[in-house]
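Just data-v1.cif here, mmCIF, C-alpha atoms:
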data_protein
#
loop_
_atom_site.label_atom_id
_atom_site.label_comp_id
_atom_site.auth_asym_id
_atom_site.auth_seq_id
_atom_site.Cartn_x
_atom_site.Cartn_y
_atom_site.Cartn_z
CA MET O 1233 157.31 -56.70 -3.66
CA LYS O 1234 156.30 -58.68 -6.73
CA PRO O 1235 153.06 -60.55 -6.05
CA GLU O 1236 153.14 -64.32 -6.45
CA GLN O 1237 150.83 -65.54 -9.18
CA SER O 1238 148.71 -68.38 -8.12
CA ASP O 1239 146.34 -70.89 -9.63
CA VAL O 1240 143.29 -71.63 -7.60
CA VAL O 1241 140.98 -74.60 -7.39
CA TRP O 1242 137.40 -74.66 -6.19
CA LEU O 1243 137.04 -76.35 -2.88
CA ASP O 1244 134.03 -78.44 -3.77
CA ALA O 1245 133.05 -82.07 -4.11
CA HIS O 1246 134.96 -82.28 -7.43
CA CYS O 1247 138.41 -81.63 -5.99
CA GLU O 1248 140.10 -84.54 -4.27
CA TYR O 1249 141.98 -84.78 -0.98
CA SER O 1250 143.98 -87.83 0.03
CA PHE O 1251 143.63 -89.23 3.55
CA ALA O 1252 147.16 -87.96 4.36
CA GLU O 1253 146.21 -84.43 3.26
CA ILE O 1254 143.07 -84.51 5.39
CA VAL O 1255 145.12 -85.71 8.37
CA ARG O 1256 147.55 -82.80 7.87
CA CYS O 1257 144.69 -80.29 7.55
CA SER O 1258 142.97 -81.57 10.68
CA GLY O 1259 145.94 -81.61 13.03
CA LEU O 1260 144.41 -84.82 14.44
CA LYS O 1261 145.93 -88.26 14.67
CA GLU O 1262 144.95 -90.81 12.00
CA ALA O 1263 143.00 -92.87 14.54
CA GLU O 1264 141.07 -89.78 15.69
CA LEU O 1265 140.17 -88.94 12.12
CA ARG O 1266 138.99 -92.53 11.52
CA GLU O 1267 136.78 -92.08 14.59
CA LEU O 1268 135.17 -89.00 13.01
CA VAL O 1269 134.46 -91.12 9.92
CA ASP O 1270 132.93 -93.82 12.17
CA TYR O 1271 130.68 -91.19 13.80
CA GLY O 1272 129.50 -90.17 10.33
CA VAL O 1273 130.82 -86.59 10.44
CA LEU O 1274 133.14 -87.22 7.48
CA SER O 1275 132.37 -89.41 4.51
CA PRO O 1276 135.17 -90.79 2.33
CA ARG O 1277 134.26 -91.15 -1.33
CA ASP O 1278 134.66 -94.89 -1.15
CA PRO O 1279 134.46 -96.02 2.49
CA ARG O 1280 135.41 -99.61 1.52
CA GLY O 1281 138.31 -98.58 -0.71
CA ALA O 1282 141.90 -99.40 0.24
CA GLU O 1283 142.93 -95.73 0.20
CA TRP O 1284 140.39 -93.20 1.41
CA THR O 1285 139.90 -90.00 -0.58
CA PHE O 1286 137.62 -87.09 0.24
CA GLY O 1287 135.88 -84.31 -1.66
CA GLY O 1288 137.18 -80.77 -1.07
CA ASP O 1289 133.84 -79.85 0.51
CA VAL O 1290 134.92 -81.62 3.74
CA VAL O 1291 137.82 -79.20 4.27
CA ALA O 1292 135.70 -76.56 6.05
CA THR O 1293 134.54 -79.26 8.49
CA ILE O 1294 138.09 -80.49 8.99
CA GLN O 1295 139.38 -77.00 9.68
CA ALA O 1296 136.60 -76.42 12.22
CA ALA O 1297 137.56 -79.77 13.81
CA ARG O 1298 141.15 -78.59 14.09
CA ARG O 1299 140.19 -75.30 15.75
CA LEU O 1300 137.78 -76.96 18.19
CA HIS O 1301 140.34 -79.65 19.04
CA GLU O 1302 143.26 -77.25 19.52
CA ASP O 1303 141.38 -74.37 21.15
CA LEU O 1304 138.88 -76.20 23.33
CA GLY O 1305 140.52 -79.61 23.73
CA LEU O 1306 137.48 -81.52 22.39
CA ASP O 1307 137.96 -85.27 21.95
CA PRO O 1308 136.64 -87.04 18.80
CA GLN O 1309 133.25 -87.82 20.35
CA ALA O 1310 132.70 -84.23 21.48
CA LEU O 1311 134.04 -83.02 18.12
CA ALA O 1312 131.55 -85.21 16.27
CA LEU O 1313 128.66 -83.77 18.30
CA ALA O 1314 129.86 -80.15 17.91
CA LEU O 1315 130.45 -80.57 14.15
CA THR O 1316 127.03 -82.16 13.66
CA LEU O 1317 125.36 -79.24 15.45
CA ILE O 1318 127.49 -76.66 13.57
CA GLY O 1319 126.48 -78.40 10.31
CA ARG O 1320 122.82 -78.08 11.27
CA ILE O 1321 123.32 -74.38 12.06
CA HIS O 1322 124.93 -73.87 8.63
CA ASP O 1323 122.01 -75.62 6.92
CA LEU O 1324 119.51 -73.49 8.83
CA GLU O 1325 121.46 -70.32 8.02
CA ALA O 1326 121.46 -71.22 4.32
CA GLU O 1327 117.68 -71.78 4.51
CA LEU O 1328 117.28 -68.44 6.30
CA ARG O 1329 119.37 -66.70 3.62
CA ARG O 1330 117.16 -68.22 0.91
CA LEU O 1331 113.96 -67.16 2.66
CA ARG O 1332 115.33 -63.66 3.27
CA ALA O 1333 116.29 -63.40 -0.40
CA GLU O 1334 112.62 -64.04 -1.25
CA LEU O 1335 111.40 -61.21 0.98
CA PRO O 1336 110.88 -57.94 -0.87
CA ARG O 1337 113.54 -55.37 -0.13
CA ARG O 1338 111.03 -52.54 0.14
CA SER O 1339 107.34 -52.88 0.81
CA ALA O 1340 105.12 -52.35 -2.17
CA MET E 778 156.76 -54.12 20.80
CA LYS E 779 153.28 -53.40 22.17
CA TYR E 780 152.37 -54.66 25.62
CA LYS E 781 149.32 -56.84 26.16
CA ASP E 782 148.04 -57.56 29.65
CA TYR E 783 147.34 -61.29 29.43
CA TYR E 784 145.93 -61.43 32.96
CA GLN E 785 143.47 -58.62 32.23
CA ILE E 786 142.46 -60.28 28.93
CA LEU E 787 141.54 -63.47 30.78
CA GLY E 788 140.06 -61.51 33.70
CA VAL E 789 142.21 -63.23 36.35
CA GLU E 790 144.48 -61.96 39.12
CA ARG E 791 148.26 -62.01 38.52
CA ASP E 792 148.67 -64.71 41.15
CA ALA E 793 145.85 -66.91 39.74
CA ASP E 794 146.61 -70.65 39.78
CA ILE E 795 146.51 -72.77 36.62
CA ASP E 796 142.97 -74.05 37.34
CA ALA E 797 141.63 -70.50 37.55
CA ILE E 798 143.42 -69.61 34.31
CA LYS E 799 142.07 -72.70 32.56
CA LYS E 800 138.53 -72.01 33.79
CA ALA E 801 138.68 -68.34 32.70
CA TYR E 802 139.99 -69.35 29.27
CA ARG E 803 137.27 -71.97 28.73
CA ARG E 804 134.50 -69.60 29.78
CA LEU E 805 135.75 -66.90 27.35
CA ALA E 806 136.53 -69.42 24.58
CA HIS E 807 132.97 -70.77 24.67
CA LYS E 808 131.72 -67.21 24.28
CA TYR E 809 134.08 -65.94 21.56
CA HIS E 810 135.31 -68.99 19.63
CA PRO E 811 134.82 -68.20 15.90
CA ASP E 812 133.04 -71.54 15.31
CA VAL E 813 130.58 -70.80 18.12
CA SER E 814 130.19 -67.02 18.25
CA LYS E 815 128.49 -64.92 15.60
CA ASP E 816 130.01 -61.73 17.02
CA PRO E 817 131.94 -60.12 14.12
CA ALA E 818 134.58 -58.93 16.61
CA GLY E 819 134.67 -62.41 18.18
CA GLU E 820 137.53 -63.75 16.04
CA GLU E 821 139.92 -60.94 17.01
CA LYS E 822 138.84 -61.18 20.64
CA PHE E 823 139.33 -64.95 20.64
CA LYS E 824 142.83 -64.60 19.20
CA GLU E 825 143.79 -62.36 22.13
CA ILE E 826 142.27 -64.81 24.60
CA ALA E 827 144.04 -67.78 22.99
CA ASP E 828 147.41 -65.95 22.92
CA ALA E 829 147.02 -65.06 26.59
CA TYR E 830 146.16 -68.65 27.50
CA GLN E 831 149.00 -70.20 25.43
CA THR E 832 151.47 -68.11 27.43
CA LEU E 833 149.96 -68.26 30.92
CA LYS E 834 149.23 -72.01 30.93
CA ASP E 835 152.93 -72.83 30.42
CA PRO E 836 154.91 -72.18 33.66
CA GLU E 837 158.11 -71.29 31.76
CA LYS E 838 156.39 -68.90 29.36
CA ARG E 839 154.38 -67.39 32.22
CA ALA E 840 157.60 -66.72 34.16
CA ALA E 841 159.14 -65.12 31.07
CA TYR E 842 155.99 -63.02 30.57
CA ASP E 843 155.97 -61.90 34.24
CA GLN E 844 159.60 -60.79 33.86
CA LEU E 845 158.53 -58.32 31.16
CA GLY E 846 157.12 -56.18 33.97
CA ARG E 847 153.77 -54.38 34.04
CA HIS E 848 152.87 -51.81 31.43
CA GLN E 849 149.71 -50.21 30.12
CA PRO E 850 147.98 -52.35 27.45
CA GLY E 851 149.05 -51.09 24.00
CA GLN E 852 152.09 -49.28 25.39
CA GLU E 853 155.38 -49.62 23.47
CA PHE E 854 158.02 -51.31 25.62
CA GLN E 855 161.32 -53.22 25.50
CA PRO E 856 162.01 -56.34 27.57
CA PRO E 857 164.63 -55.90 30.35
CA PRO E 858 168.24 -56.04 29.01
CA ASP E 859 169.06 -59.65 29.95
CA TRP E 860 165.55 -61.01 29.27
CA GLY E 861 166.43 -62.46 25.86
CA LYS E 862 169.46 -64.33 27.18
CA ARG E 863 167.58 -65.80 30.13
CA PHE E 864 164.69 -67.10 28.05
CA GLY E 865 166.60 -68.29 25.01
CA GLU E 866 165.44 -65.48 22.73
CA THR E 867 168.49 -64.07 21.00
CA GLY E 868 166.91 -61.84 18.37
CA PRO E 869 168.69 -58.55 17.78
CA SER E 870 165.59 -56.38 18.10
CA PHE E 871 162.09 -56.61 19.53
CA ASP E 872 160.74 -53.74 17.41
CA ASP E 873 158.79 -55.68 14.75
CA VAL E 874 157.83 -58.53 17.00
CA ASP E 875 154.30 -59.33 18.10
CA LEU E 876 154.10 -60.42 21.73
CA ALA E 877 152.23 -63.63 20.82
CA ASP E 878 154.81 -64.53 18.11
CA LEU E 879 157.59 -63.97 20.63
CA PHE E 880 156.15 -66.53 23.05
CA ALA E 881 155.30 -68.98 20.27
CA GLY E 882 158.94 -68.49 19.18
CA LEU E 883 160.23 -69.40 22.64
CA ALA E 884 158.70 -72.85 22.20
CA GLY E 885 159.92 -73.11 18.59
CA GLY E 886 163.51 -72.22 19.52
CA ARG E 887 163.64 -74.72 22.35
CA ARG E 888 162.05 -77.44 20.29
CA GLN E 889 164.53 -76.96 17.47
CA ALA E 890 167.53 -76.75 19.77
CA GLY E 891 166.42 -79.95 21.51
CA ARG E 892 166.45 -81.81 18.22
CA HIS E 893 169.81 -80.46 17.08
CA GLY E 894 168.16 -78.71 14.10
CA GLY E 895 167.92 -80.81 10.95
CA SER E 896 165.61 -83.67 11.85
CA PHE E 897 162.72 -81.54 13.17
CA GLN E 898 159.81 -81.39 10.74
CA MET E 899 156.70 -79.25 10.93
CA PRO E 900 154.24 -78.73 8.05
CA GLY E 901 153.50 -75.11 7.15
CA GLN E 902 150.42 -73.46 8.58
CA ASP E 903 147.28 -73.08 6.45
CA TYR E 904 146.12 -69.49 6.04
CA GLU E 905 142.57 -68.33 5.48
CA VAL E 906 141.54 -64.97 4.01
CA THR E 907 138.29 -63.48 2.78
CA ALA E 908 138.10 -61.85 -0.66
CA HIS E 909 135.25 -59.35 -1.03
CA ILE E 910 134.14 -59.16 -4.66
CA SER E 911 131.18 -57.73 -6.55
CA LEU E 912 128.44 -59.86 -8.03
CA ASP E 913 129.48 -58.73 -11.52
CA ASP E 914 133.07 -59.88 -10.87
CA ALA E 915 131.79 -63.22 -9.56
CA CYS E 916 129.79 -63.70 -12.79
CA ARG E 917 132.67 -62.75 -15.09
CA GLY E 918 135.65 -63.99 -13.07
CA THR E 919 138.23 -61.62 -11.64
CA THR E 920 141.72 -61.28 -10.20
CA VAL E 921 142.19 -60.20 -6.61
CA ASP E 922 145.28 -58.82 -4.91
CA LEU E 923 145.87 -60.26 -1.47
CA ASP E 924 148.27 -58.78 1.05
CA LEU E 925 148.99 -60.85 4.12
CA THR E 926 151.15 -60.22 7.14
CA VAL E 927 152.10 -63.60 8.53
CA PRO E 928 154.48 -64.87 11.19
CA GLU E 929 157.48 -66.86 10.01
CA TYR E 930 160.28 -68.42 11.99
CA ASP E 931 163.94 -68.44 11.06
CA GLN E 932 166.18 -71.50 11.43
CA HIS E 933 166.66 -70.75 15.13
CA GLY E 934 162.90 -70.61 15.70
CA ARG E 935 162.94 -66.81 16.08
CA PRO E 936 159.76 -65.08 14.95
CA HIS E 937 159.44 -62.25 12.48
CA ARG E 938 156.53 -60.84 10.52
CA VAL E 939 156.69 -61.03 6.73
CA GLN E 940 154.55 -59.39 4.06
CA ARG E 941 153.27 -61.74 1.37
CA ALA E 942 151.45 -60.53 -1.72
CA PHE E 943 149.44 -62.78 -4.02
CA LYS E 944 147.48 -62.32 -7.20
CA ALA E 945 144.75 -64.92 -7.30
CA ARG E 946 142.56 -65.46 -10.34
CA ILE E 947 139.03 -66.24 -9.30
CA PRO E 948 137.34 -68.08 -12.19
CA LYS E 949 133.72 -67.30 -12.99
CA GLY E 950 131.30 -69.26 -10.85
CA ALA E 951 132.08 -67.85 -7.42
CA THR E 952 129.30 -67.09 -4.99
CA ASP E 953 128.91 -66.06 -1.38
CA GLY E 954 130.56 -68.47 1.06
CA GLN E 955 132.41 -70.46 -1.60
CA ARG E 956 136.00 -71.41 -0.97
CA LEU E 957 139.11 -71.68 -3.12
CA ARG E 958 142.41 -73.37 -2.42
CA LEU E 959 145.82 -72.00 -3.34
CA ARG E 960 148.04 -74.99 -2.88
CA GLY E 961 151.38 -74.41 -1.16
CA LYS E 962 150.76 -70.69 -0.58
CA GLY E 963 150.38 -70.97 3.19
CA GLY E 964 153.17 -70.96 5.79
CA LYS E 965 156.54 -72.49 4.95
CA GLY E 966 157.09 -76.04 6.16
CA MET E 967 160.11 -76.64 8.39
CA GLY E 968 162.75 -79.33 7.95
CA GLY E 969 161.49 -80.37 4.52
CA ALA E 970 157.83 -80.71 5.59
CA PRO E 971 155.27 -79.47 3.02
CA ASP E 972 154.19 -75.83 2.87
CA GLY E 973 150.67 -75.00 4.03
CA ASP E 974 147.83 -73.92 1.74
CA LEU E 975 146.03 -70.62 1.45
CA TYR E 976 142.25 -70.78 1.57
CA LEU E 977 140.22 -68.01 0.07
CA ASN E 978 136.67 -67.40 1.28
CA ILE E 979 134.47 -65.53 -1.17
CA ALA E 980 132.18 -62.81 0.20
CA LEU E 981 129.95 -60.90 -2.22
CA HIS E 982 129.22 -57.22 -1.77
CA PRO E 983 125.46 -56.61 -1.53
CA HIS E 984 123.97 -55.75 -4.92
CA ALA E 985 121.51 -52.90 -5.50
CA LEU E 986 119.00 -55.15 -7.33
CA TYR E 987 119.75 -58.82 -6.78
CA ARG E 988 119.72 -60.87 -3.58
CA VAL E 989 121.85 -64.00 -3.65
CA SER E 990 121.11 -67.53 -2.44
CA GLY E 991 123.71 -70.00 -3.66
CA HIS E 992 123.83 -69.39 -7.43
CA ASP E 993 120.18 -68.29 -7.55
CA LEU E 994 119.26 -64.62 -7.64
CA TYR E 995 116.12 -62.92 -6.36
CA LEU E 996 114.87 -59.65 -7.77
CA ASP E 997 111.91 -57.49 -6.74
CA LEU E 998 109.57 -57.00 -9.72
CA PRO E 999 107.31 -54.00 -9.14
CA LEU E 1000 104.07 -54.22 -11.18
CA THR E 1001 101.14 -51.85 -11.58
CA PRO E 1002 97.75 -53.22 -10.44
CA TRP E 1003 96.62 -53.43 -14.08
CA GLU E 1004 99.80 -55.27 -15.20
CA ALA E 1005 99.24 -57.78 -12.40
CA ALA E 1006 95.54 -58.18 -13.23
CA LEU E 1007 95.75 -58.21 -17.02
CA GLY E 1008 99.21 -59.71 -17.51
CA ALA E 1009 102.07 -57.98 -19.30
CA VAL E 1010 105.46 -58.45 -20.89
CA VAL E 1011 108.10 -56.52 -18.94
CA GLU E 1012 111.83 -56.05 -19.48
CA VAL E 1013 113.87 -57.47 -16.59
CA PRO E 1014 117.64 -57.06 -16.05
CA THR E 1015 119.71 -60.22 -15.50
CA PRO E 1016 123.50 -60.56 -15.07
CA SER E 1017 123.74 -61.92 -18.63
CA GLY E 1018 121.64 -59.15 -20.19
CA SER E 1019 118.02 -58.05 -20.02
CA VAL E 1020 115.17 -60.39 -20.98
CA HIS E 1021 111.46 -60.01 -21.66
CA LEU E 1022 109.43 -61.70 -18.94
CA LYS E 1023 105.81 -62.70 -19.46
CA VAL E 1024 103.79 -61.80 -16.38
CA PRO E 1025 100.65 -63.99 -16.42
CA PRO E 1026 97.22 -62.41 -15.84
CA GLY E 1027 96.14 -62.56 -12.18
CA THR E 1028 99.67 -62.39 -10.76
CA HIS E 1029 99.59 -61.71 -7.03
CA ALA E 1030 102.07 -59.97 -4.75
CA GLY E 1031 104.87 -62.28 -3.58
CA GLN E 1032 104.47 -64.66 -6.53
CA LYS E 1033 107.80 -66.03 -7.78
CA LEU E 1034 108.34 -65.87 -11.52
CA ARG E 1035 111.27 -68.10 -12.47
CA LEU E 1036 113.74 -67.27 -15.19
CA ALA E 1037 115.61 -70.55 -15.64
CA ARG E 1038 119.42 -70.33 -15.94
CA ARG E 1039 119.44 -66.54 -15.63
CA GLY E 1040 121.13 -66.56 -12.20
CA MET E 1041 124.86 -66.72 -11.54
CA PRO E 1042 127.18 -69.03 -13.49
CA LYS E 1043 128.32 -72.11 -11.57
CA PRO E 1044 131.93 -73.35 -11.53
CA GLY E 1045 132.56 -75.41 -14.64
CA SER E 1046 129.20 -75.22 -16.32
CA GLY E 1047 125.57 -74.42 -15.65
CA GLU E 1048 123.83 -71.45 -14.11
CA GLY E 1049 121.51 -70.78 -11.21
CA ASP E 1050 117.99 -69.41 -11.73
CA LEU E 1051 116.68 -65.90 -11.34
CA TYR E 1052 113.42 -65.41 -9.47
CA ALA E 1053 111.44 -62.21 -9.99
CA ILE E 1054 109.23 -61.62 -6.94
CA ALA E 1055 106.08 -59.75 -7.96
CA GLN E 1056 105.14 -56.66 -6.02
CA ILE E 1057 101.96 -54.70 -6.70
CA VAL E 1058 102.71 -51.01 -6.50
CA VAL E 1059 100.01 -48.34 -6.46
CA PRO E 1060 100.65 -44.71 -7.36
CA THR E 1061 100.80 -42.56 -4.24
CA VAL E 1062 99.51 -39.50 -6.09
CA LEU E 1063 96.62 -39.99 -8.52
CA SER E 1064 95.76 -37.74 -11.43
CA GLU E 1065 92.09 -36.75 -11.87
CA ARG E 1066 91.77 -39.27 -14.67
CA GLU E 1067 93.36 -42.11 -12.70
CA ARG E 1068 91.15 -41.40 -9.69
CA ALA E 1069 88.06 -41.49 -11.92
CA LEU E 1070 89.12 -44.80 -13.49
CA PHE E 1071 89.85 -46.44 -10.10
CA LYS E 1072 86.47 -45.16 -8.83
CA GLU E 1073 84.75 -46.66 -11.83
CA LEU E 1074 86.54 -49.99 -11.20
CA ALA E 1075 85.59 -49.90 -7.51
CA ASP E 1076 81.93 -49.26 -8.33
CA GLY E 1077 81.77 -51.86 -11.09
CA SER E 1078 83.77 -54.74 -9.55
CA THR E 1079 82.32 -57.49 -7.36
CA PHE E 1080 85.77 -58.79 -6.40
CA ASN E 1081 86.14 -59.22 -2.61
CA PRO E 1082 89.57 -60.38 -1.43
CA ARG E 1083 88.34 -60.58 2.22
CA GLY E 1084 85.44 -62.94 1.76
CA HIS E 1085 87.00 -65.42 4.19
CA PHE E 1086 86.86 -62.81 6.99
CA GLN E 1087 83.05 -62.84 7.01
CA GLN E 1088 82.54 -65.96 9.12
CA GLU E 1089 84.84 -64.64 11.89
CA ILE E 1090 83.27 -61.17 11.80
CA LYS E 1091 79.72 -62.59 12.12
CA ALA E 1092 80.75 -64.89 15.02
#
Take the structure I supplied and represent it as structure tokens, if you would.
Amino acid sequence: MKPEQSDVVWLDAHCEYSFAEIVRCSGLKEAELRELVDYGVLSPRDPRGAEWTFGGDVVATIQAARRLHEDLGLDPQALALALTLIGRIHDLEAELRRLRAELPRRSA
Amino acid sequence: MKYKDYYQILGVERDADIDAIKKAYRRLAHKYHPDVSKDPAGEEKFKEIADAYQTLKDPEKRAAYDQLGRHQPGQEFQPPPDWGKRFGETGPSFDDVDLADLFAGLAGGRRQAGRHGGSFQMPGQDYEVTAHISLDDACRGTTVDLDLTVPEYDQHGRPHRVQRAFKARIPKGATDGQRLRLRGKGGKGMGGAPDGDLYLNIALHPHALYRVSGHDLYLDLPLTPWEAALGAVVEVPTPSGSVHLKVPPGTHAGQKLRLARRGMPKPGSGEGDLYAIAQIVVPTVLSERERALFKELADGSTFNPRGHFQQEIKA
């Protein structure tokens, strides 16, 4: 089997997702996604713009939203709470990783 | 096809009602859901639980599952001869079929048939895989080979497993936990709907010297007591080549010495920093001469690092 060559893009704040792409990724209805924006879980680049666009860094959140919605049946309000808490856990884990990286590997 | 005991997976009796099944699923899902659980085996376990629930919550699928009979989990088996006809599954063979795909396919087949083919649209699934790469590869950029086995459905909604192989070029700038998107390399869309994407999660192998935090690196810097006290210039390895680091006099254990822009390259431009963490190391075996010199230092020095203990000790 010949492998398919593929170009990759970094999924960070620099890459852009349209609202339609985010809706597809999330598996949610447009109105439900707008609710998540209202709750402050997702931030469009220009909230007052006619067409919302998002940075690629929201995709991990959107994919978690999809899993939690499909697997556990969470509604947008419960999703917003779960995603906020998961976000806090990720921040704390990153802080823990940084502090662990500062600890010497072997004692002097 | 390998048998899976969906009732056993959910921990319910075979005659359990839908409420009991739902309750058992929720209890297990809260424990093993990959966004909630940190158990490394949780994802695989959750997939089994979800597959079991998807089948048992639907009366039609549950009836079809019950008709497969009872077998030992993991045992190879074939559905009864007329099973396919009765449940709308007309595939020629069940050999390469995963039980979960088969039941997902039952829904797919019905859905398609109900819409007379053609007009039914479903976007392709997004896939997610983890690429384990070395820190050196992350700094230089690398190409990874990805082999995926994914379910696909034919035009009748029948499932089959396909092998997909990709070569993905990871540009320099990757670090632990970063993600890449391969547009259109996920599952095929149906009825003209767009194909899904493939998401690549980067995981770095642990490095013998450096510890990673974002694009910053941390390195233990062992120093002799006299280097720490007097200061020194020491050679330190960095991913972009070794550098001479000035250790200031009076450096203490745990002190962070920053080497700006000597960490890992960031996507596009820029680099993280490298932090050398000072450690004071004493020789475990002393020569006669070293012992004499340390003794002389001990006798001649008035330095007392425990002065602040005195008040507590007196009280």
Residues of chain E no more than 7 Å from chain O, counting all atoms listed in the file: send them over as a PDB file with C-alpha atoms, keeping the file's coordinate frame.
ATOM      1  CA  ASP E 812     133.040 -71.540  15.310  1.00  0.00           C
ATOM      2  CA  ALA E 942     151.450 -60.530  -1.720  1.00  0.00           C
ATOM      3  CA  PHE E 943     149.440 -62.780  -4.020  1.00  0.00           C
ATOM      4  CA  LYS E 944     147.480 -62.320  -7.200  1.00  0.00           C
ATOM      5  CA  ALA E 945     144.750 -64.920  -7.300  1.00  0.00           C
ATOM      6  CA  ARG E 946     142.560 -65.460 -10.340  1.00  0.00           C
ATOM      7  CA  ARG E 956     136.000 -71.410  -0.970  1.00  0.00           C
ATOM      8  CA  LEU E 957     139.110 -71.680  -3.120  1.00  0.00           C
ATOM      9  CA  ARG E 958     142.410 -73.370  -2.420  1.00  0.00           C
ATOM     10  CA  LEU E 959     145.820 -72.000  -3.340  1.00  0.00           C
ATOM     11  CA  ARG E 988     119.720 -60.870  -3.580  1.00  0.00           C
ATOM     12  CA  VAL E 989     121.850 -64.000  -3.650  1.00  0.00           C
ATOM     13  CA  SER E 990     121.110 -67.530  -2.440  1.00  0.00           C
ATOM     14  CA  TYR E 995     116.120 -62.920  -6.360  1.00  0.00           C
ATOM     15  CA  ASP E 997     111.910 -57.490  -6.740  1.00  0.00           C
ATOM     16  CA  GLN E1056     105.140 -56.660  -6.020  1.00  0.00           C
ATOM     17  CA  ILE E1057     101.960 -54.700  -6.700  1.00  0.00           C
ATOM     18  CA  VAL E1058     102.710 -51.010  -6.500  1.00  0.00           C
TER      19      VAL E1058
END
If the box runs along x, y and z of the file and leaves 8 Å on each side of range 1315-1329 of chain O, what are its centre and edge lengths in Å, one decimal, as lines of an AutoDock Vina configuration file?
center_x = 123.9
center_y = -74.4
center_z = 9.5
size_x = 29.2
size_y = 31.5
size_z = 27.8
- Considering only C-alpha atoms, state which residue in the set E:Tyr809, E:Phe880, E:Phe823, E:Tyr830 is at the smallest distance from Leu845 in chain E. E:Phe880
- Using the chain letters and numbers from the file, give me the residues hit by the PyMOL selection byres ((chain E and resi 878) around 9), as an MDAnalysis selection string. chainID E and resid 828 874:877 879:883 928:929 935:938
- Message: Can you spell out as a VMD selection string the set of residues that the PyMOL selection byres ((chain E and resi 787-797) around 12) selects in the structure I just provided?
- Response: chain E and resid 781 to 786 798 to 806 822 to 836 839 to 840 842 to 843 846 to 847
- Item | Result set of the PyMOL selection byres ((chain E and resi 979) around 8) on the coordinates above, as a count of residues only | 15
- Query: Quick one, how far is CA of Pro811 in chain E from CA of Tyr976 in chain E?
  - Reply: 16.3 Å
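Counting from CA of Leu912 in chain E, the distance to CA of Val1013 in chain E is 17.1 Å.
With CA of Ser911 in chain E on one side and CA of Met1041 in chain E on the other, the separation reads 12.1 Å.
In this comparison, which uses only C-alpha atoms, the residue of O:Asp1323, O:Leu1313, O:Val1290, O:Leu1306 approaching Tyr1249 in chain O most closely is O:Val1290.
Comparing O:Gly1272, O:Leu1311, O:Ala1245, O:Trp1284 by their smallest distance to Leu1260 in chain O, the closest is O:Leu1311 (using all atoms listed in the file).
Each of E:Tyr780, E:Phe897, E:Phe1086, E:Phe864 was compared to Ala970 in chain E using all atoms listed in the file, and E:Phe897 turns out to be the nearest.
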- Item | Spatial sel., origin (146.8, -79.0, 18.9), limit 7 Å, all atoms listed in the file, listed as a PyMOL selection string | chain O and resi 1259+1301-1302
Got time to write the residues from that selection, C-alpha atoms, as an mmCIF file, in the frame of the given file?
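Output (out-v8.cif):
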data_model
loop_
_atom_site.group_PDB
_atom_site.id
_atom_site.type_symbol
_atom_site.label_atom_id
_atom_site.label_comp_id
_atom_site.auth_asym_id
_atom_site.auth_seq_id
_atom_site.Cartn_x
_atom_site.Cartn_y
_atom_site.Cartn_z
ATOM 1 C CA GLY O 1259 145.940 -81.610 13.030
ATOM 2 C CA HIS O 1301 140.340 -79.650 19.040
ATOM 3 C CA GLU O 1302 143.260 -77.250 19.520
#
- Task: Mind checking which residues fall within 6 Å of range 1026-1032 of chain E, counting all atoms listed in the file, ignoring those fewer than 4 positions away in the same chain, and posting them as number ranges by chain?
- Result: E: 1005-1008, 1054-1057
Just add N, CA and C atoms to range 831-839 of chain E and send it as a compact mmCIF listing (two decimals), in the frame of the given file.
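Final output, rebuild_25.txt:
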# COMPACT_ATOMS: atom_id res chain seq x y z
N GLN E 831 147.82 -69.43 25.86
CA GLN E 831 149.00 -70.20 25.43
C GLN E 831 150.22 -69.82 26.27
N THR E 832 150.31 -68.57 26.65
CA THR E 832 151.47 -68.11 27.43
C THR E 832 151.30 -68.43 28.91
N LEU E 833 150.12 -68.14 29.46
CA LEU E 833 149.96 -68.26 30.92
C LEU E 833 149.80 -69.71 31.38
N LYS E 834 149.41 -70.62 30.49
CA LYS E 834 149.23 -72.01 30.93
C LYS E 834 150.58 -72.75 31.06
N ASP E 835 151.61 -72.19 30.43
CA ASP E 835 152.93 -72.83 30.42
C ASP E 835 153.79 -72.12 31.48
N PRO E 836 154.20 -72.84 32.56
CA PRO E 836 154.91 -72.18 33.66
C PRO E 836 156.15 -71.40 33.18
N GLU E 837 156.89 -71.98 32.24
CA GLU E 837 158.11 -71.29 31.76
C GLU E 837 157.78 -70.00 31.02
N LYS E 838 156.78 -70.10 30.13
CA LYS E 838 156.39 -68.90 29.36
C LYS E 838 155.79 -67.86 30.29
N ARG E 839 155.01 -68.33 31.29
CA ARG E 839 154.38 -67.39 32.22
C ARG E 839 155.47 -66.64 33.00
